[in-house]
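Beneath this line is the structure, given in structure tokens, with notes to follow.
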Amino acid sequence: MISKSTQKQIIEIWEDYQKTNKKVLDTKGNIIKDIDENRIDSIKDIKDIIDIFMIGDYFINEFKTSLDSYNKRNNYWGFTATKGQMFFNQLTKTNESNLEPLTVFLKEVISEPLNLEEALHKIEKLEKFANAIFKSAPDKRKAPNPGSVGYFLSYFWQIYNPGKWPVFYTSLVNGFKELGIWEDHKTQKENYEYFYNLNQEVKNILEEHSGRYISNWEAEHSFWNFTGKPKVEYKKAKPEIEIIEGSENKEEITFKANFDLNDYLIPRVAKLIELGNSNDKSAAAKGSDFEKMVAETFKLLGFETEIFGQGSGRNPDAIIKFREEHTAFIVDAKAYNEGYVMGRDDRAIREYIANYCPKLRKDGFTKIGFIIVSNSFKTNLQDFVNEITWNTDIKRFIPLTTEALLYCLGYKTKDDKVNLSVIIEHLTGLNGVITAQNIIQRFDDI
């Protein structure tokens, strides 16, 4: 039973949400207009993808890829993050020799339960399954985390029945913790049961206050606002989200990491952004130093790094490799003060791809990408990216800001769960120019 004082706080959170005109942020920090209407439209498409899998016209990897592709374009549930798509990827990757029984099992657990009792039984089954993999995995960072099961399954159940099944968001749990009404339990089954009932109690309080029905989505959105930007008297949740009103009625959202980046970088690398912006060297000297430092940063991330740089002929600045996963990237670093603009580099990039992709394939690398690193980007590269990935052997073309690269290194240094495999998975899963904001939000749990 929630105390009267906490009920009052819940009502204040609800009223604060109403005052923001019901603003909701996606996982990249963008304001989503009409999120509920967008979700309703998306549910139809996602159900079609699930139904194709259920009747057997999709193999499990096709289902996983189709779901990933759709959610990247319509990410209204945060499924592209750690507890959703990454859990799914790791679940299939660790069962590559047993995909047929995994398919049968997955169809069973993602289908909508008849009631809460059956839902808890499904959670228990998948948790035990993931736990067995996790405990025996030589590298637990590559195994499906049993702690993701509640979110993973409740996402699918909400697609089937939004009014009945709340999604087990970490952000909601954090909000409940801030209010002092959450109790951690030993298993995902117990946690989801507690969450389900607590969520219903919160909705009952809001329904009594507002005199109308409150949906799972409305309750969820109000707590997203609370955990993102709580009132002064509440403790701040992390990462902090600030909504800043722009001068032209535009809204920008800033995600702040819950650590000081410089605490996790060696001094030499920490000056990379400053180096890219410096004016005290010739363009050639600055470019050369910047290229070497970018390559060194990739080496610190764990890549096998081959450096070329200026004076080596018509070569990229570096080739970085991750042999364990047959993955390699051609790297070009751009030390431009005013932001990178695509120009004559178009031809050079094509030459690098034409020259190095065959060599890398011959050396056993089946997944080859291209990374441009610059402090900022002024050109919209999307048309060029689309053309390159369609007409060449490059699978991913990644414009990456220098700050984003440093945050990748910061998270890897800070948290041993963020290994090179995880970083690559996130970098290749994002679209457009990848900024520090993307990395901070990507590596903080949903």
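Starting from 1 in every chain, residues are counted up; chains themselves are A, B, ... following the order of the structure tokens, and ligands are numbered from 1 as listed.
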Could you list, as a PDB file with N, CA and C atoms, in the first residue's frame, every residue within 12 Å of Arg347 of chain A, counting only C-alpha atoms and ignoring same-chain residues fewer than 4 positions away?
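The file below, part_31.pdb, is the result:
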ATOM      1  N   ARG A 314      48.549   7.142 -51.319  1.00  0.00           N
ATOM      2  CA  ARG A 314      47.087   7.222 -51.335  1.00  0.00           C
ATOM      3  C   ARG A 314      46.512   6.108 -50.469  1.00  0.00           C
ATOM      4  N   MET A 342      31.999  17.212 -47.056  1.00  0.00           N
ATOM      5  CA  MET A 342      32.350  16.292 -48.121  1.00  0.00           C
ATOM      6  C   MET A 342      32.682  17.070 -49.389  1.00  0.00           C
ATOM      7  N   GLY A 343      33.838  16.797 -49.973  1.00  0.00           N
ATOM      8  CA  GLY A 343      34.254  17.492 -51.182  1.00  0.00           C
ATOM      9  C   GLY A 343      35.076  16.565 -52.045  1.00  0.00           C
ATOM     10  N   GLU A 351      38.537   5.247 -53.569  1.00  0.00           N
ATOM     11  CA  GLU A 351      39.817   4.564 -53.841  1.00  0.00           C
ATOM     12  C   GLU A 351      40.227   3.692 -52.662  1.00  0.00           C
ATOM     13  N   TYR A 352      40.092   4.213 -51.441  1.00  0.00           N
ATOM     14  CA  TYR A 352      40.439   3.425 -50.258  1.00  0.00           C
ATOM     15  C   TYR A 352      39.607   2.139 -50.213  1.00  0.00           C
ATOM     16  N   ILE A 353      38.314   2.285 -50.485  1.00  0.00           N
ATOM     17  CA  ILE A 353      37.412   1.123 -50.453  1.00  0.00           C
ATOM     18  C   ILE A 353      37.800   0.116 -51.524  1.00  0.00           C
ATOM     19  N   ALA A 354      38.045   0.618 -52.746  1.00  0.00           N
ATOM     20  CA  ALA A 354      38.400  -0.272 -53.856  1.00  0.00           C
ATOM     21  C   ALA A 354      39.721  -0.994 -53.597  1.00  0.00           C
ATOM     22  N   PHE A 384      25.385  10.000 -49.727  1.00  0.00           N
ATOM     23  CA  PHE A 384      26.666   9.366 -50.016  1.00  0.00           C
ATOM     24  C   PHE A 384      26.777   8.027 -49.292  1.00  0.00           C
ATOM     25  N   ILE A 388      27.307   4.390 -51.103  1.00  0.00           N
ATOM     26  CA  ILE A 388      28.490   3.581 -50.817  1.00  0.00           C
ATOM     27  C   ILE A 388      28.097   2.191 -50.309  1.00  0.00           C
TER      28      ILE A 388
END
Excluding segment 134-141 of chain A and residues on its chain fewer than 6 positions from it, collect all residues at most 9 Å away from it, counting only C-alpha atoms, and give them as a compact mmCIF listing (two decimals) with all heavy atoms, in the first residue's frame.
# COMPACT_ATOMS: atom_id res chain seq x y z
N THR A 94 24.70 -17.07 -29.12
CA THR A 94 25.18 -18.13 -28.24
C THR A 94 24.45 -19.45 -28.47
O THR A 94 24.75 -20.45 -27.81
CB THR A 94 25.02 -17.71 -26.76
OG1 THR A 94 23.67 -17.30 -26.51
CG2 THR A 94 25.98 -16.58 -26.41
N ASP A 416 33.72 -2.84 -17.43
CA ASP A 416 34.24 -3.98 -18.18
C ASP A 416 33.17 -4.70 -18.98
O ASP A 416 33.47 -5.57 -19.81
CB ASP A 416 34.97 -4.97 -17.25
CG ASP A 416 34.06 -5.53 -16.16
OD1 ASP A 416 32.85 -5.26 -16.18
OD2 ASP A 416 34.58 -6.26 -15.29
N LYS A 417 31.89 -4.36 -18.78
CA LYS A 417 30.83 -4.94 -19.60
C LYS A 417 30.81 -4.32 -20.99
O LYS A 417 30.27 -4.89 -21.93
CB LYS A 417 29.46 -4.74 -18.93
CG LYS A 417 29.25 -5.56 -17.67
CD LYS A 417 27.85 -5.38 -17.11
CE LYS A 417 27.65 -3.97 -16.59
NZ LYS A 417 26.33 -3.82 -15.91
N VAL A 418 31.40 -3.13 -21.13
CA VAL A 418 31.45 -2.46 -22.42
C VAL A 418 32.75 -2.86 -23.11
O VAL A 418 33.76 -2.17 -23.03
CB VAL A 418 31.35 -0.92 -22.27
CG1 VAL A 418 31.35 -0.24 -23.63
CG2 VAL A 418 30.10 -0.54 -21.49
N ASN A 419 32.73 -4.01 -23.76
CA ASN A 419 33.92 -4.48 -24.46
C ASN A 419 33.87 -4.05 -25.92
O ASN A 419 32.93 -3.40 -26.37
CB ASN A 419 34.08 -5.99 -24.31
CG ASN A 419 32.90 -6.75 -24.91
OD1 ASN A 419 32.00 -6.15 -25.49
ND2 ASN A 419 32.91 -8.05 -24.78
N SER A 421 33.38 -5.75 -28.63
CA SER A 421 32.25 -6.33 -29.35
C SER A 421 30.98 -5.50 -29.15
O SER A 421 30.24 -5.23 -30.10
CB SER A 421 32.01 -7.77 -28.88
OG SER A 421 30.92 -8.33 -29.56
N VAL A 422 30.75 -5.07 -27.92
CA VAL A 422 29.58 -4.25 -27.60
C VAL A 422 29.66 -2.89 -28.29
O VAL A 422 28.67 -2.39 -28.84
CB VAL A 422 29.46 -4.08 -26.07
CG1 VAL A 422 28.41 -3.03 -25.72
CG2 VAL A 422 29.12 -5.42 -25.41
Which residues are near segment 179-195 of chain A? Cut-off 6 Å, only C-alpha atoms, ignore same chain within fewer than 4 positions. Put them as a ChimeraX atom specification. /A:120,123-124,150,199
Can those selected residues be exported to a file as a short mmCIF file (atom, residue, chain, number, x, y, z; two decimals), in the first residue's frame so that it contains all heavy atoms?
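Contents of out_17.cif, as written:
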data_model
loop_
_atom_site.label_atom_id
_atom_site.label_comp_id
_atom_site.auth_asym_id
_atom_site.auth_seq_id
_atom_site.Cartn_x
_atom_site.Cartn_y
_atom_site.Cartn_z
N LEU A 120 4.37 -14.82 -15.66
CA LEU A 120 5.48 -15.08 -14.73
C LEU A 120 6.13 -16.42 -15.03
O LEU A 120 7.35 -16.58 -14.89
CB LEU A 120 4.97 -15.05 -13.29
CG LEU A 120 4.35 -13.71 -12.84
CD1 LEU A 120 3.84 -13.82 -11.40
CD2 LEU A 120 5.36 -12.57 -12.97
N ILE A 123 8.41 -15.81 -18.01
CA ILE A 123 9.61 -15.09 -17.58
C ILE A 123 10.56 -16.05 -16.88
O ILE A 123 11.78 -16.04 -17.14
CB ILE A 123 9.24 -13.93 -16.64
CG1 ILE A 123 8.57 -12.81 -17.44
CG2 ILE A 123 10.48 -13.38 -15.92
CD1 ILE A 123 8.04 -11.67 -16.60
N GLU A 124 10.02 -16.90 -16.03
CA GLU A 124 10.86 -17.86 -15.30
C GLU A 124 11.58 -18.80 -16.26
O GLU A 124 12.76 -19.10 -16.10
CB GLU A 124 9.98 -18.65 -14.33
CG GLU A 124 10.76 -19.61 -13.45
CD GLU A 124 9.87 -20.32 -12.46
OE1 GLU A 124 8.70 -20.65 -12.82
OE2 GLU A 124 10.31 -20.56 -11.32
N GLY A 150 12.78 -9.59 -18.25
CA GLY A 150 11.51 -8.92 -17.98
C GLY A 150 11.17 -7.87 -19.03
O GLY A 150 10.03 -7.81 -19.52
N ASN A 199 2.65 -0.89 -10.70
CA ASN A 199 2.22 -0.04 -11.81
C ASN A 199 0.69 0.12 -11.79
O ASN A 199 0.17 1.23 -12.03
CB ASN A 199 2.66 -0.67 -13.14
CG ASN A 199 2.31 0.19 -14.34
OD1 ASN A 199 2.93 1.21 -14.58
ND2 ASN A 199 1.32 -0.24 -15.11
#
Counting only C-alpha atoms, what is within 9 Å of segment 427-429 of chain A, bar same-chain residues fewer than 6 positions away, as a count of residues only? 10
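Excluding Ile110 of chain A itself and any same-chain residue fewer than 5 positions from it, the protein and nucleic acid residues within 12 Å of it, counting only C-alpha atoms, are Lys47, Ile50, Asp51, Phe53, Met54, Phe88, Leu102, Thr103, Val104, Phe105, Glu118, Ala119, His121, Lys122, Ile123, Lys125, Leu126, Val149, Gly150, Tyr151, Phe152, Leu153, Ser154, Tyr155, Phe156, Trp157, Gln158, Ile159 and Tyr160 of chain A.
Restricting the calculation to only C-alpha atoms, the smallest distance between Asn337 of chain A and any of A:Glu296, A:Asp289, A:Glu324, A:Glu274 is found for A:Glu274.
Each of A:Ser171, A:Asn145, A:Gln9, A:Asn216 was compared to Glu127 of chain A using only C-alpha atoms, and A:Asn145 turns out to be the nearest.
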Based on DSSP run over this structure's backbone, return all residues of segment 315-407 of chain A in strand (DSSP E), as a PyMOL selection string. chain A and resi 318-322+327-334+367-374+396-401
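With distances restricted to only C-alpha atoms, A:Leu67 is the closest residue to Ile43 of chain A from A:Ile2, A:Ile368, A:Ile440, A:Leu67.
Residue nearest Asn258 of chain A, chosen from A:Ser278, A:Asn89, A:Ser111, A:Gln441 and counting only C-alpha atoms: A:Gln441.
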Can you tell me, as a ChimeraX atom specification, which residues in segment 175-423 of chain A count as alpha helix (DSSP H) by DSSP? /A:175-179,188-210,216-228,267-270,272-277,283-301,345-362,382-391,402-414,420-423
Option closest in space to Ala143 of chain A, from A:Asp48, A:Ile349, A:Val167, A:Asn131 [counting only C-alpha atoms]: A:Asn131
Could you give me, as a PyMOL selection string, the residues within 12 Å of Leu405 of chain A, counting only C-alpha atoms and dropping anything in the same chain fewer than 2 positions from it? chain A and resi 261+265+269-270+272-273+293-301+333+371-376+398-403+407-412+423-424+427+433-440
